[in-house]
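A.B. asks: Before we start, here is the structure in question, set down as structure tokens.
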Amino acid sequence: MASFEIVAEAGEARRGQLQINDRTLETPHLFPVINFYGGGNEGALFGGGVHRTVKEFLAHDNEVTGGKEYSDLFRGVMTSIASLTDYGIREKKLEWYLGNEIREWECFSDYDGMIFADSGGYKILEQGGGLEGEDFEKEIDQDKALDMQLDLGPDIVVNLDHPIHPDDEFEERLEKMEQTAANAARFAERREEVEGACYLTVHGYYDAMLERSFDLVEAELSEPIPEAFDGIALGSLVPRKDNVEVLVEAVSDCKHVMQQRGYDDLPLHVFGISGKAMPLLVAVGADSFDSASYLHQAINGKYSVSLFDYVPIDEADFDACDCRVCNDDFHRARMRNEMDDLYQKDILGSVAAHNLAIQQRELRQFRQLIAEGDQDQVAGYLEEAAKDQKGFRKFVYQLINERMNPYFEETDTTYA
Ligand SMILES: [Zn+2]
């Protein structure tokens, strides 16, 4: 059973409650990407490095958390069937992984957040339509993808999609959209096997492409989209992730197409995006995101000071951060590399938790603003966030003016 209730709105931004079986998630929400299976065994939480430390935070390992509670960072997480084979495993191990749902493994049995299981379309497409291990190659079609997703014990599943690329020719885009739509129809036929929520992927950067993407799905389905699906997931944006203008247009146009077709009550998830684009995408109606950027930045030694800026970890000022990681002497000592026998994973794992805390904190603040229902406050928040961001600032002010009622007296370049 899945439901989505909108509890407050400020302009096009909205705060909601996503309820799936007995789990509730406040939106807008960021699902951090977790690789539950990193090629290792259960005793090592399946794998090593920073991935393992992040899972130790998620699984309340006292040696890593210092006995503190970090579950609010992981209320909902994203994983993918494609990550099962990230570390070149053998087929026997794949079968072993798929033999137990994530929460059936002892180490994750206390995890009570939502698990969004992606179909891994992007990676599978890159690998020519399959998953590869050391001694196997599996062709993945819609049925096999869903079988594997369900083996993980997820709360949200999504159809196998064929993401488009900015360089694809028109014909290629169309072909991929047709394949995605055909998969969506097959996925919908099996929806009674899913105990949680079923999301539909759509692709496109602007209105006409998104219209086409929805048209193709509607033509394939035997019932209206809101009867077959519990949410919409917008894909193909990762290659454009640094172009905020493209992202805002894509999400905003997707939202308008959904409104015109009467799907506006469904939650809208944006695949693979976080960071500075998030507040703007929330302002035009996005409800959730997923991203591994908190982790990748940490692996590169980067400590987040805001949604916009990072500094090298040895230049970080922990006193300036109000997150629990930075306010814990144990983690400060780790991040400063002041303890004996520290592994890189311990240092960078704490940095990853901090980076994630910064992103979750911003969304929490944004949820509070939306709850107050005051569009001016939302605009003020965006203005404040963008004020030191050259290049980005002009675009933010333009968005506020055009999409959120004229907040400023004058439009124009005087703000740039
Ligand atoms: Zn911090």
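Chain identifiers are assigned as A, B, and so on, following the order in which chains appear in the structure tokens; residues are numbered from 1 within each chain, and ligands are numbered from 1 in order of appearance.
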Using only C-alpha atoms, which residues sit within 10 Å of A:Asp110 once same-chain residues fewer than 3 positions away are excluded, as a list in words?
C.D. replies: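 Non-adjacent residues within range: Leu58, Ala59, His60, Arg103, Glu104, Trp105, Glu106, Cys107 and Gly113 of chain A.
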A.B. asks: Step by step, measure atom-to-atom distances between ligand 1 and each residue using only C-alpha atoms and all ligand atoms, keep those at most 10 Å, then write them as JSON, numbers by chain.
C.D. replies: {"A": [303, 304, 305, 306, 316, 317, 318, 319, 320, 321, 322, 323, 324, 325, 326, 327, 328, 331, 332, 350, 351, 352, 353, 354, 355, 356, 357, 358]}
A.B. asks: Mind checking DSSP for stretch 181-332 of chain A and telling me the helix (DSSP H, G or I) residues as a short mmCIF file (atom, residue, chain, number, x, y, z; two decimals) with N, CA, C and O atoms, in the first residue's frame?
C.D. replies:
```
data_model
loop_
_atom_site.label_atom_id
_atom_site.label_comp_id
_atom_site.auth_asym_id
_atom_site.auth_seq_id
_atom_site.Cartn_x
_atom_site.Cartn_y
_atom_site.Cartn_z
N ALA A 181 8.72 2.59 -22.34
CA ALA A 181 7.26 2.51 -22.22
C ALA A 181 6.78 1.06 -22.26
O ALA A 181 5.90 0.67 -21.48
N ALA A 182 7.39 0.25 -23.14
CA ALA A 182 7.01 -1.17 -23.21
C ALA A 182 7.35 -1.85 -21.88
O ALA A 182 6.57 -2.67 -21.37
N ASN A 183 8.51 -1.53 -21.31
CA ASN A 183 8.88 -2.09 -20.02
C ASN A 183 7.90 -1.66 -18.92
O ASN A 183 7.55 -2.44 -18.04
N ALA A 184 7.50 -0.39 -18.99
CA ALA A 184 6.56 0.12 -17.98
C ALA A 184 5.25 -0.67 -18.02
O ALA A 184 4.66 -0.98 -16.97
N ALA A 185 4.81 -1.01 -19.23
CA ALA A 185 3.55 -1.76 -19.36
C ALA A 185 3.70 -3.17 -18.78
O ALA A 185 2.81 -3.66 -18.08
N ARG A 186 4.82 -3.81 -19.06
CA ARG A 186 5.07 -5.15 -18.51
C ARG A 186 5.17 -5.09 -16.97
O ARG A 186 4.65 -5.94 -16.26
N PHE A 187 5.85 -4.07 -16.49
CA PHE A 187 6.02 -3.83 -15.05
C PHE A 187 4.64 -3.67 -14.39
O PHE A 187 4.36 -4.25 -13.34
N ALA A 188 3.76 -2.90 -15.05
CA ALA A 188 2.42 -2.67 -14.49
C ALA A 188 1.61 -3.96 -14.41
O ALA A 188 0.81 -4.15 -13.49
N GLU A 189 1.85 -4.87 -15.37
CA GLU A 189 1.13 -6.14 -15.34
C GLU A 189 1.47 -6.96 -14.09
O GLU A 189 0.70 -7.81 -13.67
N ARG A 191 2.20 -5.69 -11.08
CA ARG A 191 2.20 -4.84 -9.88
C ARG A 191 1.63 -5.51 -8.64
O ARG A 191 1.98 -5.15 -7.51
N GLU A 192 0.77 -6.51 -8.80
CA GLU A 192 0.24 -7.17 -7.59
C GLU A 192 1.32 -7.96 -6.85
O GLU A 192 1.14 -8.32 -5.69
N GLU A 193 2.46 -8.22 -7.52
CA GLU A 193 3.56 -8.90 -6.82
C GLU A 193 4.34 -7.95 -5.91
O GLU A 193 5.18 -8.37 -5.13
N ASP A 207 9.50 20.22 -22.53
CA ASP A 207 8.10 19.91 -22.71
C ASP A 207 7.78 18.86 -23.77
O ASP A 207 7.14 17.85 -23.49
N ALA A 208 8.23 19.08 -25.01
CA ALA A 208 7.84 18.19 -26.12
C ALA A 208 8.34 16.76 -25.89
O ALA A 208 7.63 15.79 -26.16
N MET A 209 9.57 16.65 -25.38
CA MET A 209 10.12 15.31 -25.12
C MET A 209 9.33 14.61 -24.02
O MET A 209 9.08 13.41 -24.08
N LEU A 210 8.97 15.36 -23.00
CA LEU A 210 8.24 14.76 -21.89
C LEU A 210 6.83 14.38 -22.30
O LEU A 210 6.32 13.33 -21.91
N GLU A 211 6.21 15.23 -23.12
CA GLU A 211 4.88 14.90 -23.65
C GLU A 211 4.95 13.55 -24.38
O GLU A 211 4.11 12.68 -24.19
N ARG A 212 6.00 13.41 -25.21
CA ARG A 212 6.16 12.19 -25.98
C ARG A 212 6.37 10.98 -25.06
O ARG A 212 5.79 9.91 -25.26
N SER A 213 7.18 11.19 -24.04
CA SER A 213 7.47 10.10 -23.10
C SER A 213 6.18 9.63 -22.41
O SER A 213 5.90 8.42 -22.33
N PHE A 214 5.35 10.57 -21.95
CA PHE A 214 4.08 10.20 -21.31
C PHE A 214 3.11 9.58 -22.32
O PHE A 214 2.41 8.62 -22.01
N ASP A 215 3.06 10.15 -23.55
CA ASP A 215 2.16 9.60 -24.59
C ASP A 215 2.47 8.12 -24.84
O ASP A 215 1.55 7.30 -24.95
N LEU A 216 3.75 7.81 -24.96
CA LEU A 216 4.14 6.43 -25.27
C LEU A 216 3.73 5.48 -24.15
O LEU A 216 3.24 4.38 -24.41
N VAL A 217 3.90 5.90 -22.90
CA VAL A 217 3.49 5.05 -21.78
C VAL A 217 1.97 4.88 -21.77
O VAL A 217 1.46 3.76 -21.64
N GLU A 218 1.26 5.97 -21.95
CA GLU A 218 -0.22 5.90 -21.94
C GLU A 218 -0.73 4.95 -23.04
O GLU A 218 -1.68 4.20 -22.82
N ALA A 219 -0.06 4.99 -24.19
CA ALA A 219 -0.49 4.13 -25.31
C ALA A 219 -0.25 2.64 -25.00
O ALA A 219 -0.99 1.79 -25.47
N GLU A 220 0.75 2.35 -24.19
CA GLU A 220 1.08 0.95 -23.88
C GLU A 220 0.24 0.38 -22.73
O GLU A 220 0.06 -0.83 -22.62
N ILE A 225 -2.39 6.02 -15.86
CA ILE A 225 -1.12 6.02 -15.12
C ILE A 225 -1.32 6.03 -13.60
O ILE A 225 -0.70 5.23 -12.89
N PRO A 226 -2.20 6.88 -13.03
CA PRO A 226 -2.31 6.91 -11.56
C PRO A 226 -2.89 5.63 -10.96
O PRO A 226 -2.77 5.41 -9.76
N GLU A 227 -3.52 4.80 -11.80
CA GLU A 227 -4.00 3.51 -11.27
C GLU A 227 -2.91 2.46 -11.29
O GLU A 227 -2.90 1.54 -10.49
N ALA A 228 -1.97 2.60 -12.21
CA ALA A 228 -0.90 1.61 -12.32
C ALA A 228 0.33 1.97 -11.49
O ALA A 228 1.08 1.09 -11.08
N VAL A 238 21.40 13.02 -15.27
CA VAL A 238 22.76 12.97 -14.70
C VAL A 238 23.83 13.57 -15.63
O VAL A 238 24.66 14.34 -15.16
N PRO A 239 23.80 13.29 -16.94
CA PRO A 239 24.83 13.93 -17.80
C PRO A 239 24.70 15.46 -17.82
O PRO A 239 25.63 16.14 -18.23
N ARG A 240 23.57 15.99 -17.38
CA ARG A 240 23.35 17.44 -17.36
C ARG A 240 23.40 18.01 -15.94
O ARG A 240 22.94 19.12 -15.71
N VAL A 244 22.32 23.78 -14.11
CA VAL A 244 21.13 23.96 -13.28
C VAL A 244 19.94 24.44 -14.11
O VAL A 244 18.79 24.05 -13.88
N GLU A 245 20.21 25.25 -15.10
CA GLU A 245 19.13 25.79 -15.94
C GLU A 245 18.38 24.66 -16.66
O GLU A 245 17.15 24.64 -16.71
N VAL A 246 19.14 23.72 -17.22
CA VAL A 246 18.53 22.57 -17.90
C VAL A 246 17.72 21.74 -16.90
O VAL A 246 16.60 21.30 -17.19
N LEU A 247 18.28 21.56 -15.70
CA LEU A 247 17.59 20.74 -14.69
C LEU A 247 16.26 21.38 -14.28
O LEU A 247 15.24 20.69 -14.19
N VAL A 248 16.29 22.69 -14.06
CA VAL A 248 15.06 23.38 -13.65
C VAL A 248 14.01 23.30 -14.74
O VAL A 248 12.83 23.02 -14.48
N GLU A 249 14.43 23.48 -15.99
CA GLU A 249 13.47 23.40 -17.09
C GLU A 249 12.87 22.00 -17.19
O GLU A 249 11.66 21.84 -17.35
N ALA A 250 13.73 20.98 -17.06
CA ALA A 250 13.25 19.60 -17.17
C ALA A 250 12.22 19.28 -16.09
O ALA A 250 11.14 18.75 -16.37
N VAL A 251 12.55 19.62 -14.84
CA VAL A 251 11.65 19.28 -13.73
C VAL A 251 10.37 20.11 -13.82
O VAL A 251 9.26 19.60 -13.64
N SER A 252 10.54 21.38 -14.12
CA SER A 252 9.39 22.27 -14.21
C SER A 252 8.45 21.82 -15.33
O SER A 252 7.22 21.76 -15.16
N ASP A 253 9.01 21.46 -16.49
CA ASP A 253 8.18 21.01 -17.61
C ASP A 253 7.51 19.67 -17.29
O ASP A 253 6.34 19.44 -17.63
N CYS A 254 8.24 18.78 -16.63
CA CYS A 254 7.67 17.48 -16.26
C CYS A 254 6.46 17.70 -15.35
O CYS A 254 5.41 17.09 -15.51
N LYS A 255 6.65 18.62 -14.40
CA LYS A 255 5.59 18.95 -13.47
C LYS A 255 4.34 19.49 -14.21
O LYS A 255 3.21 19.11 -13.90
N HIS A 256 4.58 20.37 -15.18
CA HIS A 256 3.45 20.94 -15.90
C HIS A 256 2.72 19.89 -16.75
O HIS A 256 1.50 19.89 -16.82
N VAL A 257 3.48 19.00 -17.37
CA VAL A 257 2.85 17.92 -18.13
C VAL A 257 2.02 17.05 -17.19
O VAL A 257 0.88 16.66 -17.50
N MET A 258 2.56 16.78 -16.00
CA MET A 258 1.82 15.98 -15.02
C MET A 258 0.52 16.70 -14.60
O MET A 258 -0.53 16.06 -14.47
N GLN A 259 0.62 18.00 -14.41
CA GLN A 259 -0.57 18.77 -14.02
C GLN A 259 -1.64 18.72 -15.10
O GLN A 259 -2.80 18.45 -14.82
N GLN A 260 -1.20 18.92 -16.36
CA GLN A 260 -2.16 18.92 -17.46
C GLN A 260 -2.87 17.59 -17.60
O GLN A 260 -4.01 17.51 -18.01
N ALA A 277 21.42 22.23 -6.91
CA ALA A 277 20.20 22.25 -7.73
C ALA A 277 18.96 21.92 -6.91
O ALA A 277 17.84 22.30 -7.27
N MET A 278 19.15 21.24 -5.79
CA MET A 278 17.99 20.70 -5.05
C MET A 278 16.96 21.76 -4.63
O MET A 278 15.77 21.57 -4.91
N PRO A 279 17.39 22.87 -3.99
CA PRO A 279 16.36 23.84 -3.58
C PRO A 279 15.56 24.39 -4.76
O PRO A 279 14.34 24.59 -4.65
N LEU A 280 16.25 24.62 -5.89
CA LEU A 280 15.54 25.16 -7.06
C LEU A 280 14.56 24.14 -7.61
O LEU A 280 13.46 24.49 -8.04
N LEU A 281 14.96 22.87 -7.59
CA LEU A 281 14.07 21.83 -8.12
C LEU A 281 12.88 21.62 -7.19
O LEU A 281 11.76 21.35 -7.64
N VAL A 282 13.10 21.78 -5.89
CA VAL A 282 11.97 21.73 -4.95
C VAL A 282 11.03 22.90 -5.23
O VAL A 282 9.81 22.75 -5.23
N ALA A 283 11.63 24.07 -5.53
CA ALA A 283 10.80 25.27 -5.77
C ALA A 283 9.89 25.10 -6.98
O ALA A 283 8.84 25.72 -7.05
N SER A 293 26.56 11.80 -4.26
CA SER A 293 27.57 12.86 -4.24
C SER A 293 28.20 13.04 -2.86
O SER A 293 29.39 13.32 -2.75
N TYR A 294 27.41 12.84 -1.78
CA TYR A 294 27.97 12.97 -0.41
C TYR A 294 29.16 12.04 -0.24
O TYR A 294 30.14 12.36 0.43
N LEU A 295 29.05 10.87 -0.85
CA LEU A 295 30.06 9.83 -0.71
C LEU A 295 31.24 10.09 -1.65
O LEU A 295 32.41 10.01 -1.24
N HIS A 296 30.95 10.42 -2.89
CA HIS A 296 32.02 10.65 -3.86
C HIS A 296 32.86 11.86 -3.47
O HIS A 296 34.08 11.85 -3.61
N GLN A 297 32.20 12.91 -2.94
CA GLN A 297 32.96 14.08 -2.48
C GLN A 297 33.89 13.67 -1.34
O GLN A 297 35.05 14.10 -1.29
N ALA A 298 33.38 12.85 -0.42
CA ALA A 298 34.22 12.41 0.72
C ALA A 298 35.40 11.59 0.22
O ALA A 298 36.54 11.77 0.68
N ILE A 299 35.14 10.68 -0.71
CA ILE A 299 36.23 9.84 -1.25
C ILE A 299 37.31 10.73 -1.87
O ILE A 299 38.50 10.43 -1.81
N ILE A 313 39.46 18.47 3.21
CA ILE A 313 39.15 18.10 4.60
C ILE A 313 40.12 18.73 5.60
O ILE A 313 39.72 19.14 6.69
N ASP A 314 41.39 18.91 5.23
CA ASP A 314 42.33 19.49 6.22
C ASP A 314 42.15 21.00 6.39
O ASP A 314 42.78 21.61 7.25
N GLU A 315 41.26 21.60 5.60
CA GLU A 315 40.95 23.03 5.79
C GLU A 315 39.59 23.25 6.46
O GLU A 315 39.14 24.38 6.63
N PHE A 318 35.45 22.69 11.83
CA PHE A 318 34.35 21.92 12.40
C PHE A 318 33.48 22.76 13.34
O PHE A 318 32.32 22.46 13.54
N ASP A 319 34.07 23.82 13.91
CA ASP A 319 33.30 24.69 14.81
C ASP A 319 32.17 25.41 14.07
O ASP A 319 31.19 25.82 14.67
N ALA A 320 32.38 25.59 12.75
CA ALA A 320 31.38 26.34 11.98
C ALA A 320 30.21 25.47 11.54
O ALA A 320 29.27 25.96 10.94
N ASP A 329 33.48 14.95 19.41
CA ASP A 329 34.95 14.95 19.45
C ASP A 329 35.54 13.71 18.80
O ASP A 329 36.62 13.75 18.21
N PHE A 330 34.83 12.62 18.93
CA PHE A 330 35.27 11.36 18.33
C PHE A 330 35.43 11.51 16.81
O PHE A 330 36.46 11.16 16.23
N HIS A 331 34.40 12.08 16.17
CA HIS A 331 34.47 12.24 14.71
C HIS A 331 35.44 13.35 14.31
O HIS A 331 36.11 13.26 13.28
N ARG A 332 35.53 14.41 15.13
CA ARG A 332 36.51 15.46 14.83
C ARG A 332 37.91 14.89 14.81
O ARG A 332 38.70 15.19 13.91
#
```
A.B. asks: Can you list every residue in stretch 178-283 of chain A that DSSP puts in strand (DSSP E), as a count of residues only?
C.D. replies: 15
A.B. asks: Give the answer as one residue: which of A:Glu95, A:Glu63, A:Asp388, A:Asp118 has the shortest atom-to-atom distance to A:Ala82, using only C-alpha atoms?
C.D. replies: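 Checking each candidate against A:Ala82, we get A:Asp118 as the closest.
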A.B. asks: Give me the residues of stretch 23-46 of chain A that have any atom at most 6 Å from an atom of stretch 5-19 of chain A; for each, the nearest atom pair and the distance in Å, rounded to one decimal. Use only C-alpha atoms, sort by chain and number, and format it as a Markdown table.
C.D. replies:
```
| residue | atom | partner | partner_atom | distance |
| --- | --- | --- | --- | --- |
| A:Arg23 | CA | A:Gln19 | CA | 5.8 |
| A:Thr24 | CA | A:Gln19 | CA | 4.5 |
| A:Leu25 | CA | A:Leu18 | CA | 5.1 |
| A:Glu26 | CA | A:Gln17 | CA | 4.8 |
| A:Thr27 | CA | A:Gly16 | CA | 4.9 |
```
A.B. asks: Nearest to A:Asp161: which of A:Phe395, A:Trp96, A:Tyr70, A:Tyr199 is it, counting only C-alpha atoms?
C.D. replies: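 Nearest candidate to A:Asp161 out of A:Phe395, A:Trp96, A:Tyr70, A:Tyr199: A:Tyr199.
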